[in-house]
file data-v8.csv (CSV, C-alpha atoms)
chain,number,residue,atom,x,y,z
A,321,MET,CA,33.5,-112.1,59.5
A,322,ASP,CA,31.3,-110.4,62.1
A,323,LYS,CA,33.2,-107.0,62.2
A,324,ASN,CA,33.6,-104.5,59.5
A,325,ILE,CA,37.0,-103.5,58.2
A,326,VAL,CA,37.1,-99.7,58.1
A,327,LEU,CA,39.7,-97.6,56.3
A,328,ILE,CA,40.3,-94.0,57.2
A,329,GLY,CA,43.0,-91.6,56.1
A,330,PHE,CA,43.8,-88.5,54.1
A,331,MET,CA,42.8,-88.3,50.5
A,332,GLY,CA,45.4,-90.1,48.3
A,333,SER,CA,46.4,-92.5,51.1
A,334,GLY,CA,45.2,-95.4,49.1
A,335,LYS,CA,42.0,-96.2,50.9
A,336,SER,CA,40.0,-97.1,47.7
A,337,LYS,CA,42.6,-99.3,46.1
A,338,ILE,CA,43.3,-101.1,49.4
A,339,ALA,CA,39.6,-101.5,50.1
A,340,ARG,CA,39.0,-103.1,46.7
A,341,SER,CA,42.0,-105.4,47.2
A,342,LEU,CA,40.8,-106.5,50.6
A,343,ALA,CA,37.3,-107.1,49.3
A,344,GLU,CA,38.8,-109.4,46.6
A,345,HIS,CA,41.0,-111.3,49.1
A,346,LEU,CA,38.3,-111.7,51.7
A,347,LYS,CA,35.3,-112.0,49.3
A,348,LEU,CA,33.5,-109.2,51.1
A,349,GLU,CA,31.4,-106.3,49.9
A,350,CYS,CA,33.2,-103.0,49.7
A,351,VAL,CA,31.3,-99.8,50.4
A,352,ALA,CA,32.8,-96.5,49.5
A,353,THR,CA,31.0,-93.8,51.5
A,354,ASP,CA,31.8,-90.9,49.2
A,355,ALA,CA,30.5,-92.9,46.2
A,356,LEU,CA,27.3,-93.7,48.1
A,357,ILE,CA,26.8,-90.1,49.1
A,358,GLU,CA,27.3,-89.0,45.4
A,359,ALA,CA,24.8,-91.6,44.2
A,360,ARG,CA,22.2,-90.6,46.7
A,361,ALA,CA,22.6,-86.9,46.2
A,362,GLY,CA,22.8,-87.2,42.4
A,363,GLN,CA,25.9,-85.0,42.2
A,364,ALA,CA,29.6,-85.1,42.8
A,365,ILE,CA,31.0,-84.2,46.2
A,366,ASN,CA,32.6,-81.0,44.7
A,367,ALA,CA,29.1,-80.0,43.5
A,368,ILE,CA,27.6,-80.7,46.9
A,369,PHE,CA,30.2,-78.5,48.5
A,370,GLN,CA,29.6,-75.7,46.0
A,371,SER,CA,25.8,-75.8,46.1
A,372,HIS,CA,25.1,-76.7,49.7
A,373,GLY,CA,28.3,-76.2,51.6
A,374,GLU,CA,30.6,-78.4,53.8
A,375,ALA,CA,28.2,-78.5,56.7
A,376,TYR,CA,25.5,-80.1,54.5
A,377,PHE,CA,28.0,-82.6,53.1
A,378,ARG,CA,29.2,-83.6,56.6
A,379,LYS,CA,25.5,-84.1,57.6
A,380,LEU,CA,25.0,-86.5,54.6
A,381,GLU,CA,28.3,-88.2,55.5
A,382,SER,CA,27.3,-88.8,59.1
A,383,GLU,CA,23.9,-90.2,58.0
A,384,THR,CA,25.7,-92.5,55.6
A,385,ILE,CA,28.3,-93.6,58.2
A,386,LYS,CA,25.6,-94.3,60.7
A,387,GLU,CA,23.7,-96.5,58.2
A,388,VAL,CA,26.7,-98.5,56.8
A,389,SER,CA,28.4,-99.0,60.1
A,390,HIS,CA,25.5,-101.0,61.4
A,391,ARG,CA,26.0,-103.6,58.7
A,392,ARG,CA,28.3,-106.6,59.4
A,393,GLY,CA,31.2,-108.1,57.5
A,394,ILE,CA,31.8,-105.4,55.0
A,395,ILE,CA,34.8,-103.2,54.1
A,396,ILE,CA,34.1,-99.5,54.5
A,397,ASP,CA,36.2,-97.0,52.5
A,398,CYS,CA,35.7,-93.6,54.2
A,399,GLY,CA,36.2,-90.2,52.8
A,400,GLY,CA,39.2,-88.3,54.2
A,401,GLY,CA,37.2,-85.9,56.4
A,402,VAL,CA,35.1,-88.6,58.1
A,403,VAL,CA,37.0,-88.1,61.3
A,404,LEU,CA,35.9,-84.5,61.6
A,405,ARG,CA,32.8,-85.6,63.5
A,406,GLN,CA,33.5,-87.8,66.6
A,407,GLU,CA,30.1,-89.5,66.2
A,408,ASN,CA,31.4,-91.0,62.9
A,409,LEU,CA,34.3,-92.7,64.6
A,410,GLN,CA,32.1,-93.9,67.3
A,411,HIS,CA,29.7,-95.6,64.9
A,412,LEU,CA,32.6,-97.0,62.8
A,413,LYS,CA,34.3,-98.5,65.8
A,414,HIS,CA,31.2,-99.9,67.3
A,415,HIS,CA,30.9,-102.7,64.7
A,416,GLY,CA,34.3,-102.4,63.0
A,417,ILE,CA,38.0,-102.5,63.2
A,418,VAL,CA,39.3,-99.1,62.1
A,419,PHE,CA,42.6,-98.8,60.2
A,420,TYR,CA,44.3,-95.5,59.6
A,421,LEU,CA,46.3,-95.6,56.3
A,422,GLN,CA,49.1,-93.2,57.1
A,423,ALA,CA,51.0,-91.5,54.2
A,424,SER,CA,53.1,-88.4,54.4
A,425,PRO,CA,51.8,-85.1,53.0
A,426,GLU,CA,54.6,-85.2,50.4
A,427,VAL,CA,53.6,-88.7,49.2
A,428,ILE,CA,49.9,-87.7,49.2
A,429,TYR,CA,50.7,-84.6,47.1
A,430,GLU,CA,52.7,-86.7,44.6
A,431,ARG,CA,49.8,-89.1,44.2
A,432,ILE,CA,47.1,-86.6,43.7
A,433,LYS,CA,48.8,-83.5,42.1
A,434,HIS,CA,47.4,-84.3,38.6
A,435,GLU,CA,43.9,-84.9,39.7
A,436,THR,CA,41.4,-82.2,38.7
A,437,HIS,CA,38.5,-83.1,41.0
A,438,ARG,CA,40.3,-82.2,44.2
A,439,PRO,CA,39.5,-78.6,45.4
A,440,LEU,CA,42.6,-78.5,47.6
A,441,LEU,CA,44.8,-78.6,44.5
A,442,LYS,CA,43.3,-75.5,42.9
A,443,GLY,CA,44.9,-73.0,45.3
A,444,PRO,CA,48.3,-71.4,45.0
A,445,ASP,CA,50.0,-73.8,47.5
A,446,PRO,CA,48.4,-77.2,47.3
A,447,LEU,CA,51.2,-79.0,49.3
A,448,GLY,CA,51.0,-76.3,52.0
A,449,CYS,CA,47.2,-76.8,52.2
A,450,ILE,CA,47.7,-80.6,52.4
A,451,LYS,CA,50.2,-80.2,55.2
A,452,GLU,CA,48.0,-77.9,57.2
A,453,LEU,CA,44.9,-80.1,56.9
A,454,TYR,CA,47.0,-83.2,57.6
A,455,GLN,CA,48.3,-81.8,60.9
A,456,GLN,CA,44.8,-80.8,61.9
A,457,ARG,CA,43.4,-84.2,61.3
A,458,LEU,CA,46.3,-86.3,62.5
A,459,PRO,CA,45.1,-86.6,66.2
A,460,LEU,CA,41.7,-87.7,64.8
A,461,TYR,CA,43.2,-90.3,62.5
A,462,ASN,CA,45.3,-91.6,65.3
A,463,GLN,CA,42.2,-92.7,67.2
A,464,ALA,CA,42.0,-95.6,64.8
A,465,ASP,CA,42.5,-99.1,66.2
A,466,HIS,CA,45.6,-99.7,64.0
A,467,VAL,CA,47.9,-97.4,62.0
A,468,ILE,CA,49.1,-98.9,58.7
A,469,ASP,CA,52.1,-97.4,56.8
A,470,ALA,CA,50.7,-96.5,53.3
A,471,ASN,CA,53.7,-94.5,52.0
A,472,ASP,CA,54.9,-97.2,49.6
A,473,GLU,CA,53.4,-97.1,46.1
A,474,SER,CA,52.4,-100.8,46.3
A,475,ILE,CA,49.2,-101.6,48.0
A,476,GLU,CA,50.2,-105.1,48.8
A,477,GLY,CA,52.1,-104.2,51.9
A,478,PRO,CA,49.2,-102.4,53.6
A,479,VAL,CA,46.8,-105.2,52.5
A,480,ILE,CA,49.0,-107.9,54.0
A,481,GLU,CA,49.4,-105.9,57.3
A,482,ILE,CA,45.6,-105.5,57.6
A,483,LEU,CA,45.0,-109.2,56.8
A,484,LYS,CA,47.5,-110.1,59.6
A,485,LYS,CA,45.7,-107.9,62.1
A,486,ILE,CA,42.3,-109.2,61.5
call {"tool": "encode", "arguments": {"input": "data-v8.csv", "output": "structure tokens"}}
result
Amino acid sequence: MDKNIVLIGFMGSGKSKIARSLAEHLKLECVATDALIEARAGQAINAIFQSHGEAYFRKLESETIKEVSHRRGIIIDCGGGVVLRQENLQHLKHHGIVFYLQASPEVIYERIKHETHRPLLKGPDPLGCIKELYQQRLPLYNQADHVIDANDESIEGPVIEILKKI
């Protein structure tokens, strides 16, 4: 496969699980951009945000996206905020097919509400915060080449849909 398969979407939309399943089905390498950033920075994303701020993290993210998007025939599992910089989407689309894994804020909240590494969940109204960010990012996510329904608990449906489209 000459093009990359790129997965974008809000946290908890299933990007990582679906990316790993696609990698198994297609026998392709899977690159998780958040994990790559953490490995290079030597600290977790939460720690990067706390010690250096979001702007610094977004700079690292853009550098990572630019690098991995120039590779061919890989699956790229992007962090939820990758769409916040238009340049990231441009790089990802240049050599890839971008799939937006769409899941409702309520489904996302149910999936991630017990996770402790998500800063959004530490406030007094995590679902409200998710809904607000979701609405802000929705027009950006919708710039993907394809929208895939990821509301179901099973990852097989989205995997099959992506395989059909490629």
call {"tool": "closest_residue", "arguments": {"input": "data-v8.csv", "among": "A:Leu409, A:Ile432, A:Glu473, A:Ser424", "to": "Gln455 (chain A)", "atoms": "all atoms listed in the file"}}
result
A:Ser424
call {"tool": "closest_residue", "arguments": {"input": "data-v8.csv", "among": "A:Lys433, A:Met331, A:Glu383, A:Ala375", "to": "Tyr454 (chain A)", "atoms": "all atoms listed in the file"}}
result
A:Met331
call {"tool": "atom_distance", "arguments": {"input": "data-v8.csv", "atom1": "CA of Glu358 (chain A)", "atom2": "CA of Gln406 (chain A)"}}
result
22.1 Å
call {"tool": "closest_residue", "arguments": {"input": "data-v8.csv", "among": "A:His466, A:Lys485, A:Arg378, A:Arg392", "to": "Thr353 (chain A)", "atoms": "only C-alpha atoms"}}
result
A:Arg378
call {"tool": "residues_near_point", "arguments": {"input": "data-v8.csv", "point": "(35.5, -104.5, 60.3)", "cutoff": "10 Å", "atoms": "all atoms listed in the file", "output": "PyMOL selection string"}}
result
chain A and resi 321-327+389+391-396+412-419+486
call {"tool": "closest_residue", "arguments": {"input": "data-v8.csv", "among": "A:Ile428, A:Val402, A:Ile338, A:Val479", "to": "Tyr461 (chain A)", "atoms": "only C-alpha atoms"}}
result
A:Val402
